[in-house]
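Shown below: run.pdb, with PDB, C-alpha atoms.
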ATOM      1  CA  MET A 968     -41.501  36.424  16.077
ATOM      2  CA  GLY A 969     -38.080  36.119  17.571
ATOM      3  CA  SER A 970     -36.382  38.926  19.323
ATOM      4  CA  PRO A 971     -33.789  40.857  17.286
ATOM      5  CA  PRO A 972     -30.129  40.100  17.949
ATOM      6  CA  ALA A 973     -28.317  42.188  20.418
ATOM      7  CA  ALA A 974     -26.617  45.203  19.044
ATOM      8  CA  GLY A 975     -23.199  44.038  20.152
ATOM      9  CA  ALA A 976     -23.472  40.538  18.633
ATOM     10  CA  PRO A 977     -22.141  41.338  15.130
ATOM     11  CA  ALA A 978     -19.325  43.311  16.610
ATOM     12  CA  THR A 979     -18.469  40.433  18.942
ATOM     13  CA  ALA A 980     -18.526  37.931  16.056
ATOM     14  CA  ASP A 981     -16.359  40.200  13.937
ATOM     15  CA  ALA A 982     -13.940  40.579  16.816
ATOM     16  CA  ALA A 983     -13.768  36.799  17.301
ATOM     17  CA  GLY A 984     -13.217  36.287  13.564
ATOM     18  CA  ALA A 985     -10.503  38.901  13.520
ATOM     19  CA  ALA A 986      -8.859  37.256  16.536
ATOM     20  CA  ARG A 987      -8.898  33.858  14.799
ATOM     21  CA  SER A 988      -7.527  35.344  11.619
ATOM     22  CA  GLY A 989      -4.822  37.088  13.574
ATOM     23  CA  TRP A 990      -3.911  33.879  15.396
ATOM     24  CA  LEU A 991      -3.747  31.913  12.143
ATOM     25  CA  GLY A 992      -1.639  34.626  10.590
ATOM     26  CA  ARG A 993       0.815  34.590  13.474
ATOM     27  CA  ALA A 994       0.959  30.774  13.427
ATOM     28  CA  TRP A 995       1.641  30.760   9.696
ATOM     29  CA  ALA A 996       4.280  33.452  10.040
ATOM     30  CA  ALA A 997       6.023  31.436  12.759
ATOM     31  CA  ASN A 998       5.679  27.944  11.258
ATOM     32  CA  GLY A 999       4.845  28.496   7.586
ATOM     33  CA  ALA A1000       8.301  27.468   6.382
ATOM     34  CA  GLY A1001       8.101  24.245   8.371
ATOM     35  CA  TYR A1002       4.669  23.447   6.933
ATOM     36  CA  MET A1003       5.999  24.006   3.416
ATOM     37  CA  PHE A1004       8.882  21.612   4.038
ATOM     38  CA  LEU A1005       6.417  19.028   5.415
ATOM     39  CA  LEU A1006       4.059  19.412   2.465
ATOM     40  CA  PRO A1007       5.819  16.940   0.088
ATOM     41  CA  TRP A1008       5.865  14.272   2.798
ATOM     42  CA  LEU A1009       2.256  15.003   3.747
ATOM     43  CA  ILE A1010       1.102  14.715   0.131
ATOM     44  CA  GLY A1011       3.041  11.476  -0.274
ATOM     45  CA  PHE A1012       1.589  10.084   2.943
ATOM     46  CA  LEU A1013      -1.984  10.903   1.961
ATOM     47  CA  VAL A1014      -1.670   9.797  -1.678
ATOM     48  CA  LEU A1015       0.646   6.789  -1.359
ATOM     49  CA  THR A1016      -0.023   5.455   2.166
ATOM     50  CA  ALA A1017      -3.175   6.630   3.919
ATOM     51  CA  GLY A1018      -5.349   6.798   0.816
ATOM     52  CA  PRO A1019      -4.540   3.322  -0.548
ATOM     53  CA  SER A1020      -4.812   1.855   2.961
ATOM     54  CA  LEU A1021      -8.326   3.198   3.431
ATOM     55  CA  ILE A1022      -9.312   2.048  -0.058
ATOM     56  CA  SER A1023      -7.993  -1.457   0.613
ATOM     57  CA  LEU A1024      -9.922  -1.533   3.883
ATOM     58  CA  TYR A1025     -13.109  -0.763   1.941
ATOM     59  CA  LEU A1026     -12.252  -3.332  -0.746
ATOM     60  CA  SER A1027     -11.767  -6.018   1.913
ATOM     61  CA  PHE A1028     -15.540  -5.937   2.408
ATOM     62  CA  THR A1029     -16.275  -6.232  -1.302
ATOM     63  CA  ASN A1030     -16.023  -8.636  -4.205
ATOM     64  CA  PHE A1031     -13.661  -6.955  -6.681
ATOM     65  CA  ASP A1032     -11.808  -8.435  -9.646
ATOM     66  CA  LEU A1033     -10.468  -5.282 -11.398
ATOM     67  CA  LEU A1034     -12.878  -5.819 -14.316
ATOM     68  CA  ARG A1035     -16.181  -4.981 -12.653
ATOM     69  CA  PRO A1036     -17.049  -2.410  -9.993
ATOM     70  CA  PRO A1037     -16.678  -3.688  -6.424
ATOM     71  CA  THR A1038     -19.811  -5.155  -4.862
ATOM     72  CA  TRP A1039     -20.377  -5.043  -1.107
ATOM     73  CA  VAL A1040     -20.309  -8.472   0.560
ATOM     74  CA  GLY A1041     -19.791  -7.437   4.181
ATOM     75  CA  ALA A1042     -17.657  -9.775   6.274
ATOM     76  CA  ALA A1043     -17.936 -12.662   3.789
ATOM     77  CA  ASN A1044     -14.254 -12.459   2.821
ATOM     78  CA  TYR A1045     -13.110 -12.654   6.437
ATOM     79  CA  GLN A1046     -15.565 -15.453   7.191
ATOM     80  CA  ARG A1047     -14.250 -17.490   4.278
ATOM     81  CA  ILE A1048     -10.637 -16.909   5.325
ATOM     82  CA  PHE A1049     -11.161 -18.326   8.805
ATOM     83  CA  THR A1050     -13.617 -21.117   7.975
ATOM     84  CA  ALA A1051     -13.078 -22.396   4.433
ATOM     85  CA  ASP A1052      -9.551 -21.500   3.295
ATOM     86  CA  ALA A1053      -7.029 -24.293   3.842
ATOM     87  CA  LYS A1054      -4.250 -22.391   2.064
ATOM     88  CA  PHE A1055      -4.609 -19.540   4.547
ATOM     89  CA  MET A1056      -3.777 -21.877   7.428
ATOM     90  CA  ALA A1057      -0.938 -23.457   5.422
ATOM     91  CA  SER A1058       0.584 -20.053   4.686
ATOM     92  CA  MET A1059       0.252 -19.044   8.334
ATOM     93  CA  ARG A1060       2.086 -22.187   9.484
ATOM     94  CA  VAL A1061       4.915 -21.598   7.009
ATOM     95  CA  THR A1062       5.210 -17.905   7.901
ATOM     96  CA  LEU A1063       5.176 -18.485  11.659
ATOM     97  CA  PHE A1064       7.793 -21.238  11.313
ATOM     98  CA  PHE A1065       9.957 -18.865   9.294
ATOM     99  CA  VAL A1066       9.565 -16.026  11.814
ATOM    100  CA  ILE A1067      10.167 -18.205  14.888
ATOM    101  CA  PHE A1068      13.410 -19.674  13.561
ATOM    102  CA  SER A1069      14.867 -17.011  11.279
ATOM    103  CA  VAL A1070      14.602 -14.000  13.599
ATOM    104  CA  PRO A1071      16.330 -15.468  16.717
ATOM    105  CA  LEU A1072      19.030 -17.168  14.624
ATOM    106  CA  LYS A1073      19.711 -14.006  12.652
ATOM    107  CA  LEU A1074      19.930 -11.874  15.801
ATOM    108  CA  ALA A1075      22.183 -14.396  17.551
ATOM    109  CA  PHE A1076      24.536 -14.530  14.566
ATOM    110  CA  ALA A1077      24.511 -10.737  14.186
ATOM    111  CA  LEU A1078      25.303 -10.281  17.883
ATOM    112  CA  ALA A1079      28.154 -12.802  17.718
ATOM    113  CA  VAL A1080      29.723 -10.992  14.767
ATOM    114  CA  ALA A1081      29.222  -7.604  16.442
ATOM    115  CA  VAL A1082      30.951  -8.815  19.612
ATOM    116  CA  ALA A1083      33.873 -10.104  17.532
ATOM    117  CA  LEU A1084      34.168  -6.810  15.637
ATOM    118  CA  ASN A1085      33.967  -4.832  18.869
ATOM    119  CA  ARG A1086      37.277  -6.246  20.052
ATOM    120  CA  GLY A1087      39.115  -3.519  18.158
ATOM    121  CA  ILE A1088      40.350  -5.429  15.114
ATOM    122  CA  LYS A1089      42.188  -3.624  12.346
ATOM    123  CA  GLY A1090      40.216  -2.600   9.283
ATOM    124  CA  LEU A1091      36.936  -2.423  11.178
ATOM    125  CA  PRO A1092      35.217  -0.085   8.647
ATOM    126  CA  LEU A1093      36.039  -2.532   5.826
ATOM    127  CA  TYR A1094      34.674  -5.552   7.708
ATOM    128  CA  ARG A1095      31.617  -3.572   8.723
ATOM    129  CA  ALA A1096      30.892  -2.654   5.104
ATOM    130  CA  ILE A1097      31.439  -6.226   3.876
ATOM    131  CA  PHE A1098      29.149  -7.735   6.503
ATOM    132  CA  TYR A1099      26.496  -5.091   5.872
ATOM    133  CA  LEU A1100      26.424  -5.742   2.127
ATOM    134  CA  PRO A1101      24.100  -8.814   2.287
ATOM    135  CA  SER A1102      21.419  -6.684   3.949
ATOM    136  CA  LEU A1103      21.460  -4.372   0.933
ATOM    137  CA  ILE A1104      21.286  -7.019  -1.801
ATOM    138  CA  GLY A1105      19.871 -10.039   0.041
ATOM    139  CA  THR A1106      16.231  -9.372  -0.872
ATOM    140  CA  SER A1107      16.950  -8.803  -4.559
ATOM    141  CA  VAL A1108      15.777 -11.093  -7.329
ATOM    142  CA  ALA A1109      19.376 -11.764  -8.403
ATOM    143  CA  ILE A1110      20.347 -13.110  -4.967
ATOM    144  CA  ALA A1111      17.227 -15.294  -4.838
ATOM    145  CA  VAL A1112      18.113 -16.778  -8.243
ATOM    146  CA  LEU A1113      21.698 -17.334  -7.096
ATOM    147  CA  TRP A1114      20.444 -18.991  -3.888
ATOM    148  CA  ARG A1115      18.233 -21.336  -5.902
ATOM    149  CA  GLN A1116      21.245 -22.383  -7.976
ATOM    150  CA  LEU A1117      23.436 -22.893  -4.909
ATOM    151  CA  PHE A1118      20.976 -25.324  -3.319
ATOM    152  CA  ALA A1119      19.909 -27.107  -6.507
ATOM    153  CA  ARG A1120      20.699 -30.810  -7.017
ATOM    154  CA  ASP A1121      23.803 -29.963  -9.056
ATOM    155  CA  GLY A1122      24.555 -26.751  -7.157
ATOM    156  CA  LEU A1123      27.623 -25.676  -5.227
ATOM    157  CA  VAL A1124      26.358 -26.961  -1.868
ATOM    158  CA  ASN A1125      25.934 -30.536  -3.131
ATOM    159  CA  THR A1126      29.229 -30.319  -4.990
ATOM    160  CA  LEU A1127      31.055 -29.431  -1.770
ATOM    161  CA  LEU A1128      29.236 -32.166   0.160
ATOM    162  CA  TRP A1129      30.163 -34.782  -2.424
ATOM    163  CA  GLU A1130      33.791 -33.751  -2.892
ATOM    164  CA  GLY A1131      34.443 -33.109   0.797
ATOM    165  CA  PHE A1132      32.409 -35.797   2.565
ATOM    166  CA  GLY A1133      31.131 -38.157  -0.123
ATOM    167  CA  ILE A1134      27.505 -37.159   0.601
ATOM    168  CA  GLN A1135      25.024 -36.979  -2.247
ATOM    169  CA  GLY A1136      22.592 -34.278  -1.203
ATOM    170  CA  PRO A1137      19.081 -33.774  -2.558
ATOM    171  CA  SER A1138      17.749 -30.778  -4.406
ATOM    172  CA  TRP A1139      17.363 -28.714  -1.271
ATOM    173  CA  VAL A1140      15.015 -26.134  -2.795
ATOM    174  CA  SER A1141      12.763 -28.844  -4.282
ATOM    175  CA  HIS A1142      12.412 -31.019  -1.181
ATOM    176  CA  PRO A1143       9.499 -30.129   1.134
ATOM    177  CA  ASP A1144      11.557 -30.986   4.231
ATOM    178  CA  TYR A1145      14.440 -28.642   3.387
ATOM    179  CA  SER A1146      13.149 -25.885   1.078
ATOM    180  CA  LEU A1147      12.002 -23.595   3.888
ATOM    181  CA  TRP A1148      15.313 -24.002   5.683
ATOM    182  CA  THR A1149      17.135 -22.676   2.615
ATOM    183  CA  LEU A1150      15.079 -19.495   2.968
ATOM    184  CA  ILE A1151      15.858 -19.338   6.688
ATOM    185  CA  ILE A1152      19.570 -19.613   5.904
ATOM    186  CA  LEU A1153      19.198 -16.827   3.347
ATOM    187  CA  SER A1154      17.522 -14.665   6.001
ATOM    188  CA  ILE A1155      20.328 -15.353   8.489
ATOM    189  CA  TRP A1156      22.874 -14.416   5.825
ATOM    190  CA  GLN A1157      21.288 -10.953   5.719
ATOM    191  CA  PHE A1158      22.530 -10.173   9.246
ATOM    192  CA  GLY A1159      24.312  -6.930   8.405
ATOM    193  CA  SER A1160      21.632  -4.457   9.466
ATOM    194  CA  PRO A1161      21.085  -5.785  13.022
ATOM    195  CA  MET A1162      24.845  -6.319  13.331
ATOM    196  CA  ILE A1163      25.532  -2.613  12.737
ATOM    197  CA  ILE A1164      22.946  -1.680  15.368
ATOM    198  CA  PHE A1165      24.389  -4.199  17.845
ATOM    199  CA  LEU A1166      27.875  -2.824  17.228
ATOM    200  CA  ALA A1167      26.661   0.711  17.954
ATOM    201  CA  GLY A1168      25.054  -0.512  21.182
ATOM    202  CA  LEU A1169      28.208  -2.308  22.280
ATOM    203  CA  ARG A1170      30.213   0.876  21.788
ATOM    204  CA  GLN A1171      27.935   2.641  24.326
ATOM    205  CA  ILE A1172      28.688   0.212  27.180
ATOM    206  CA  PRO A1173      31.250   1.794  29.580
ATOM    207  CA  THR A1174      34.545  -0.073  29.579
ATOM    208  CA  ASP A1175      35.081   0.574  33.291
ATOM    209  CA  MET A1176      32.294  -1.906  34.060
ATOM    210  CA  TYR A1177      34.300  -4.663  32.372
ATOM    211  CA  GLU A1178      37.452  -3.555  34.167
ATOM    212  CA  ALA A1179      35.705  -3.704  37.530
ATOM    213  CA  ALA A1180      34.292  -7.146  36.711
ATOM    214  CA  SER A1181      37.749  -8.394  35.699
ATOM    215  CA  LEU A1182      39.198  -7.196  38.992
ATOM    216  CA  ASP A1183      36.481  -9.157  40.778
ATOM    217  CA  GLY A1184      37.510 -12.285  38.887
ATOM    218  CA  ALA A1185      34.587 -12.505  36.464
ATOM    219  CA  SER A1186      35.350 -14.478  33.313
ATOM    220  CA  LYS A1187      34.656 -13.144  29.811
ATOM    221  CA  TRP A1188      31.647 -15.410  29.515
ATOM    222  CA  ARG A1189      30.218 -14.181  32.829
ATOM    223  CA  GLN A1190      30.851 -10.561  31.817
ATOM    224  CA  PHE A1191      28.895 -11.177  28.640
ATOM    225  CA  TRP A1192      25.871 -12.585  30.505
ATOM    226  CA  LYS A1193      25.914 -10.166  33.435
ATOM    227  CA  ILE A1194      27.029  -6.918  31.771
ATOM    228  CA  THR A1195      26.790  -7.012  27.976
ATOM    229  CA  LEU A1196      23.405  -8.655  27.545
ATOM    230  CA  PRO A1197      21.498  -6.680  30.228
ATOM    231  CA  LEU A1198      22.832  -3.352  28.973
ATOM    232  CA  LEU A1199      22.166  -4.369  25.376
ATOM    233  CA  THR A1200      18.537  -5.392  25.905
ATOM    234  CA  PRO A1201      17.091  -2.123  24.475
ATOM    235  CA  VAL A1202      19.022  -2.734  21.271
ATOM    236  CA  ILE A1203      18.008  -6.401  21.227
ATOM    237  CA  PHE A1204      14.386  -5.358  21.669
ATOM    238  CA  PHE A1205      14.568  -2.867  18.803
ATOM    239  CA  ASN A1206      16.215  -5.374  16.467
ATOM    240  CA  ALA A1207      13.739  -8.091  17.438
ATOM    241  CA  VAL A1208      10.720  -5.915  16.635
ATOM    242  CA  VAL A1209      12.130  -4.676  13.326
ATOM    243  CA  GLN A1210      13.319  -8.090  12.150
ATOM    244  CA  THR A1211      10.034  -9.748  13.144
ATOM    245  CA  ILE A1212       8.094  -7.253  11.032
ATOM    246  CA  GLU A1213      10.485  -7.804   8.118
ATOM    247  CA  ALA A1214      10.156 -11.587   8.443
ATOM    248  CA  PHE A1215       6.371 -11.385   8.249
ATOM    249  CA  LYS A1216       6.719  -9.313   5.074
ATOM    250  CA  ALA A1217       9.253 -11.612   3.351
ATOM    251  CA  PHE A1218       8.242 -12.290  -0.233
ATOM    252  CA  THR A1219      10.896 -12.156  -2.977
ATOM    253  CA  PRO A1220      13.028 -15.210  -2.020
ATOM    254  CA  ALA A1221       9.986 -17.484  -1.676
ATOM    255  CA  PHE A1222       8.516 -16.213  -4.939
ATOM    256  CA  ILE A1223      11.714 -16.742  -6.943
ATOM    257  CA  ILE A1224      12.813 -20.050  -5.412
ATOM    258  CA  SER A1225       9.361 -21.643  -5.727
ATOM    259  CA  GLY A1226       8.546 -20.057  -9.078
ATOM    260  CA  GLY A1227       5.625 -18.218  -7.520
ATOM    261  CA  THR A1228       3.836 -21.414  -6.492
ATOM    262  CA  GLY A1229       4.900 -21.704  -2.850
ATOM    263  CA  GLY A1230       5.960 -25.290  -3.495
ATOM    264  CA  PRO A1231       6.935 -27.959  -3.114
ATOM    265  CA  VAL A1232       3.719 -28.991  -1.312
ATOM    266  CA  ASN A1233       3.195 -25.434  -0.019
ATOM    267  CA  SER A1234       6.418 -25.678   1.994
ATOM    268  CA  THR A1235       7.461 -22.138   0.967
ATOM    269  CA  LEU A1236       3.980 -20.631   0.760
ATOM    270  CA  PHE A1237       4.621 -17.443   2.699
ATOM    271  CA  TYR A1238       1.602 -15.398   3.693
ATOM    272  CA  THR A1239       2.658 -12.558   1.402
ATOM    273  CA  LEU A1240       3.100 -15.002  -1.479
ATOM    274  CA  TYR A1241      -0.404 -16.387  -0.950
ATOM    275  CA  LEU A1242      -1.745 -12.829  -0.821
ATOM    276  CA  TYR A1243       0.022 -12.113  -4.123
ATOM    277  CA  GLN A1244      -1.487 -15.218  -5.715
ATOM    278  CA  GLU A1245      -4.999 -14.202  -4.710
ATOM    279  CA  ALA A1246      -4.542 -10.605  -5.903
ATOM    280  CA  PHE A1247      -2.584 -10.971  -9.140
ATOM    281  CA  GLY A1248      -3.047 -14.653  -9.962
ATOM    282  CA  PHE A1249      -6.812 -14.952  -9.516
ATOM    283  CA  PHE A1250      -7.661 -11.204  -9.453
ATOM    284  CA  ARG A1251      -9.583 -11.549  -6.209
ATOM    285  CA  MET A1252      -8.637  -8.088  -5.043
ATOM    286  CA  GLY A1253     -11.285  -7.862  -2.354
ATOM    287  CA  TYR A1254     -10.228 -11.169  -0.855
ATOM    288  CA  ALA A1255      -6.546 -10.184  -1.068
ATOM    289  CA  SER A1256      -7.316  -6.903   0.693
ATOM    290  CA  ALA A1257      -8.897  -8.851   3.542
ATOM    291  CA  LEU A1258      -5.772 -11.013   3.739
ATOM    292  CA  ALA A1259      -3.615  -7.880   3.820
ATOM    293  CA  TRP A1260      -5.548  -6.383   6.725
ATOM    294  CA  ILE A1261      -5.333  -9.633   8.654
ATOM    295  CA  LEU A1262      -1.549  -9.444   8.199
ATOM    296  CA  VAL A1263      -1.601  -5.869   9.526
ATOM    297  CA  VAL A1264      -3.492  -7.047  12.612
ATOM    298  CA  ILE A1265      -1.107  -9.979  13.136
ATOM    299  CA  ILE A1266       1.988  -7.762  12.908
ATOM    300  CA  GLY A1267       0.359  -5.221  15.212
ATOM    301  CA  ALA A1268      -0.476  -7.952  17.736
ATOM    302  CA  PHE A1269       3.098  -9.290  17.733
ATOM    303  CA  THR A1270       4.479  -5.768  18.119
ATOM    304  CA  ALA A1271       2.085  -4.954  20.965
ATOM    305  CA  LEU A1272       2.969  -8.234  22.690
ATOM    306  CA  SER A1273       6.648  -7.383  22.369
ATOM    307  CA  PHE A1274       6.121  -4.008  24.036
ATOM    308  CA  LEU A1275       3.987  -5.528  26.796
ATOM    309  CA  THR A1276       6.598  -8.164  27.658
ATOM    310  CA  SER A1277       9.550  -5.792  27.300
ATOM    311  CA  ARG A1278       9.019  -4.428  30.820
ATOM    312  CA  TYR A1279      10.152  -7.794  32.212
ATOM    313  CA  TRP A1280      13.447  -8.145  30.352
ATOM    314  CA  VAL A1281      14.445  -4.822  28.760
ATOM    315  CA  HIS A1282      16.638  -2.727  31.068
ATOM    316  CA  TYR A1283      17.009   1.009  30.449
ATOM    317  CA  ASP A1284      19.214   3.498  32.318
ATOM    318  CA  ASP A1285      16.525   4.119  34.910
TER     319      ASP A1285
END
Would you kindly transcribe this structure into C-alpha cells?
Amino acid sequence: MGSPPAAGAPATADAAGAARSGWLGRAWAANGAGYMFLLPWLIGFLVLTAGPSLISLYLSFTNFDLLRPPTWVGAANYQRIFTADAKFMASMRVTLFFVIFSVPLKLAFALAVAVALNRGIKGLPLYRAIFYLPSLIGTSVAIAVLWRQLFARDGLVNTLLWEGFGIQGPSWVSHPDYSLWTLIILSIWQFGSPMIIFLAGLRQIPTDMYEAASLDGASKWRQFWKITLPLLTPVIFFNAVVQTIEAFKAFTPAFIISGGTGGPVNSTLFYTLYLYQEAFGFFRMGYASALAWILVVIIGAFTALSFLTSRYWVHYDD
C-alpha cells in the first residue's frame, strides 16, 4: 500500500490553482479587449487559411476525385510529378521564363517612372493615380479579354504596325513564339504598385547628398548609380520579393488568353493554370494538392534565397 499524501499537498495544489486562475484573470483583464478584436481575424485564419492548408497537405498524399472518399497513396503523387509528368516540367519552364523576364522588366520600368515623377512635376497626385490604375484592374478578366483582342491577328497592334510601318504581324496570342511575351508585356503594364513604393523610397533620400555630389562634379547618371540605387536597395529588395511571389501565382491572363488550355503548344501553360486543370478539369484533387505544395516550397525557396543574398547588395542605414 502506498503512503498517504502529505497533509499540505491539497492545500498546495489549491494554492497553485488559485494562483493560475488569478494570473489568467489578470491577463484577461489587461488584454481581453485586444483578444476580442483579434478573434475575427483568428477565426478567419483558422477556418480560411490554416485549416484548408492542412487539409490540402493531407490530400496531397491521397487519391481524391471529389466523388469518392480520399484513399491514402503515400508519396505516389509526388513521385509521379517528378518522374512521369511531362506537363509539370513544361509548366515549370513557362513559369520560370515568365518570372525571370517579367519581374526585372517591371521593376526597371516602375523605377524609371518613379524617378521621372520624383522630379517635382505638376499634378503629381493625378499622374500617380493614373499610373497606379493598371495594378488595380490588370489582373481582371476584362483586361485579359481586352489584351487578347489587342494582340489578335486583326487587333489594334497589327493595325498600327500595318498602317505605320507596312508590317503584317501574326496573331501574337496564337503564336507559340510570341504568346508568352504578350503576357510579359501585360505584367510590365501593371507597374503601378512597385512604382508607388519606389516613389516613397525616393522621397526618403536626403537631398543634401545630391547637392554635395553636384558640388563635387558628379553627373546625374553617376548620382543615380552611386546615391539613388544604393540607398534604394531595401525598397528594391522588397519589391523584388513581392513581385516574384505574384509572378509565380499569375493565373487569370494565361487562362483567358489561352482559353484555359495553356496553348498554343503549352507556351502559356503557367504552373497555376496546370494546377487548375488537374483540380477542376480532371478532378484529381489529391494530385493538384501535391502540385500546390510544390509551388509553396518553390516560392519559399526563392524567398529564402533572396534573403540570403540580400546581405551582399542591400544597404540599410547601419
Hey, could you pull the box centre and edge lengths for region 1274-1284 of chain A, axis-aligned, 4 Å padding per side, all listed atoms, to one decimal in Å, as JSON?
{"center_x": 11.6, "center_y": -2.3, "center_z": 28.2, "size_x": 23.2, "size_y": 19.7, "size_z": 16.3}
Which residues come within 10 Å of region 1269-1278 of chain A, counting all atoms listed in the file, excluding same-chain residues fewer than 4 positions away, as a list in words?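 Counting only the stated atoms, we get Thr1200, Pro1201, Phe1204, Phe1205, Ala1207, Val1208, Val1209, Thr1211, Ile1212, Val1264, Ile1265, His1282 and Tyr1283 of chain A.
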Those residues you just picked out, can you put them in a file as an mmCIF file, keeping the file's coordinate frame with C-alpha atoms?
data_model
loop_
_atom_site.group_PDB
_atom_site.id
_atom_site.type_symbol
_atom_site.label_atom_id
_atom_site.label_comp_id
_atom_site.auth_asym_id
_atom_site.auth_seq_id
_atom_site.Cartn_x
_atom_site.Cartn_y
_atom_site.Cartn_z
ATOM 1 C CA THR A 1200 18.537 -5.392 25.905
ATOM 2 C CA PRO A 1201 17.091 -2.123 24.475
ATOM 3 C CA PHE A 1204 14.386 -5.358 21.669
ATOM 4 C CA PHE A 1205 14.568 -2.867 18.803
ATOM 5 C CA ALA A 1207 13.739 -8.091 17.438
ATOM 6 C CA VAL A 1208 10.720 -5.915 16.635
ATOM 7 C CA VAL A 1209 12.130 -4.676 13.326
ATOM 8 C CA THR A 1211 10.034 -9.748 13.144
ATOM 9 C CA ILE A 1212 8.094 -7.253 11.032
ATOM 10 C CA VAL A 1264 -3.492 -7.047 12.612
ATOM 11 C CA ILE A 1265 -1.107 -9.979 13.136
ATOM 12 C CA HIS A 1282 16.638 -2.727 31.068
ATOM 13 C CA TYR A 1283 17.009 1.009 30.449
#
May I ask for the distance between CA of Arg1086 (chain A) and CA of Ser1102 (chain A), given in Å to one decimal place? 22.6 Å
Here's the selection I'm unsure about, the PyMOL selection byres ((chain A and resi 1239) around 9); applied to the file above, which residues does it give, as a PDB file with C-alpha atoms, keeping the file's coordinate frame?
ATOM      1  CA  SER A1058       0.584 -20.053   4.686  1.00  0.00           C
ATOM      2  CA  THR A1062       5.210 -17.905   7.901  1.00  0.00           C
ATOM      3  CA  PHE A1215       6.371 -11.385   8.249  1.00  0.00           C
ATOM      4  CA  LYS A1216       6.719  -9.313   5.074  1.00  0.00           C
ATOM      5  CA  ALA A1217       9.253 -11.612   3.351  1.00  0.00           C
ATOM      6  CA  PHE A1218       8.242 -12.290  -0.233  1.00  0.00           C
ATOM      7  CA  LEU A1236       3.980 -20.631   0.760  1.00  0.00           C
ATOM      8  CA  PHE A1237       4.621 -17.443   2.699  1.00  0.00           C
ATOM      9  CA  TYR A1238       1.602 -15.398   3.693  1.00  0.00           C
ATOM     10  CA  LEU A1240       3.100 -15.002  -1.479  1.00  0.00           C
ATOM     11  CA  TYR A1241      -0.404 -16.387  -0.950  1.00  0.00           C
ATOM     12  CA  LEU A1242      -1.745 -12.829  -0.821  1.00  0.00           C
ATOM     13  CA  TYR A1243       0.022 -12.113  -4.123  1.00  0.00           C
ATOM     14  CA  GLN A1244      -1.487 -15.218  -5.715  1.00  0.00           C
ATOM     15  CA  LEU A1258      -5.772 -11.013   3.739  1.00  0.00           C
ATOM     16  CA  ALA A1259      -3.615  -7.880   3.820  1.00  0.00           C
ATOM     17  CA  LEU A1262      -1.549  -9.444   8.199  1.00  0.00           C
TER      18      LEU A1262
END
What does the structure give for the distance between CA of Val1070 (chain A) and CA of Ala1214 (chain A), in Å to one decimal? 7.2 Å
Nearby residues (only C-alpha atoms) at most 8 Å from Leu1024 (chain A), same-chain spacing under 5 positions excluded, as a ChimeraX atom specification: /A:1256-1257,1260
Could you save the residues just selected, with C-alpha atoms, as a short mmCIF file (atom, residue, chain, number, x, y, z; two decimals), in the coordinates of the input?
data_model
loop_
_atom_site.label_atom_id
_atom_site.label_comp_id
_atom_site.auth_asym_id
_atom_site.auth_seq_id
_atom_site.Cartn_x
_atom_site.Cartn_y
_atom_site.Cartn_z
CA SER A 1256 -7.32 -6.90 0.69
CA ALA A 1257 -8.90 -8.85 3.54
CA TRP A 1260 -5.55 -6.38 6.72
#
Taking the file above as input, evaluate the PyMOL selection byres ((chain A and resi 1150) around 9) and report the hits as a PyMOL selection string. chain A and resi 1065+1069+1114+1140+1146-1149+1151-1155+1220-1221+1224+1235
Find the distance between CA of Ala1053 (chain A) and CA of Asn1233 (chain A) and write it in Å to one decimal.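 Interatomic distance, CA of Ala1053 (chain A) to CA of Asn1233 (chain A): 11.0 Å.
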Quick one: of A:Met1176, A:Leu1033, A:Phe1247, A:Trp1139, who's nearest to Asp1121 (chain A), counting all atoms listed in the file? A:Trp1139
Nearest candidate to Gly1041 (chain A) (options A:Gly1001, A:Pro1092, A:Gly1253, A:Gly1122; using all atoms listed in the file):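 When distances to Gly1041 (chain A) are compared using all atoms listed in the file, the smallest one comes from A:Gly1253.
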Given all atoms listed in the file as the basis, pick out the residue of A:Trp1280, A:Pro1007, A:Met1056, A:Ile1203 nearest to Pro1071 (chain A).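 So, comparing all the options, the nearest one is A:Ile1203.
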Find the residues near Arg1170 (chain A): any atom within 12 Å, counting all atoms listed in the file, skip ones fewer than 3 places away on the same chain, and give them as a list in words.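 Counting all atoms listed in the file, the residues come to Ala1081, Val1082, Leu1084, Asn1085, Arg1086, Gly1087, Ile1163, Ile1164, Phe1165, Leu1166, Ala1167, Pro1173, Thr1174, Thr1195, Leu1198, Leu1199 and Val1202 of chain A.
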Determine the residue set returned by the PyMOL selection byres ((chain A and resi 1137) around 12) for the present structure, and present it as a PyMOL selection string. chain A and resi 1117-1122+1124-1126+1128-1129+1134-1136+1138-1146
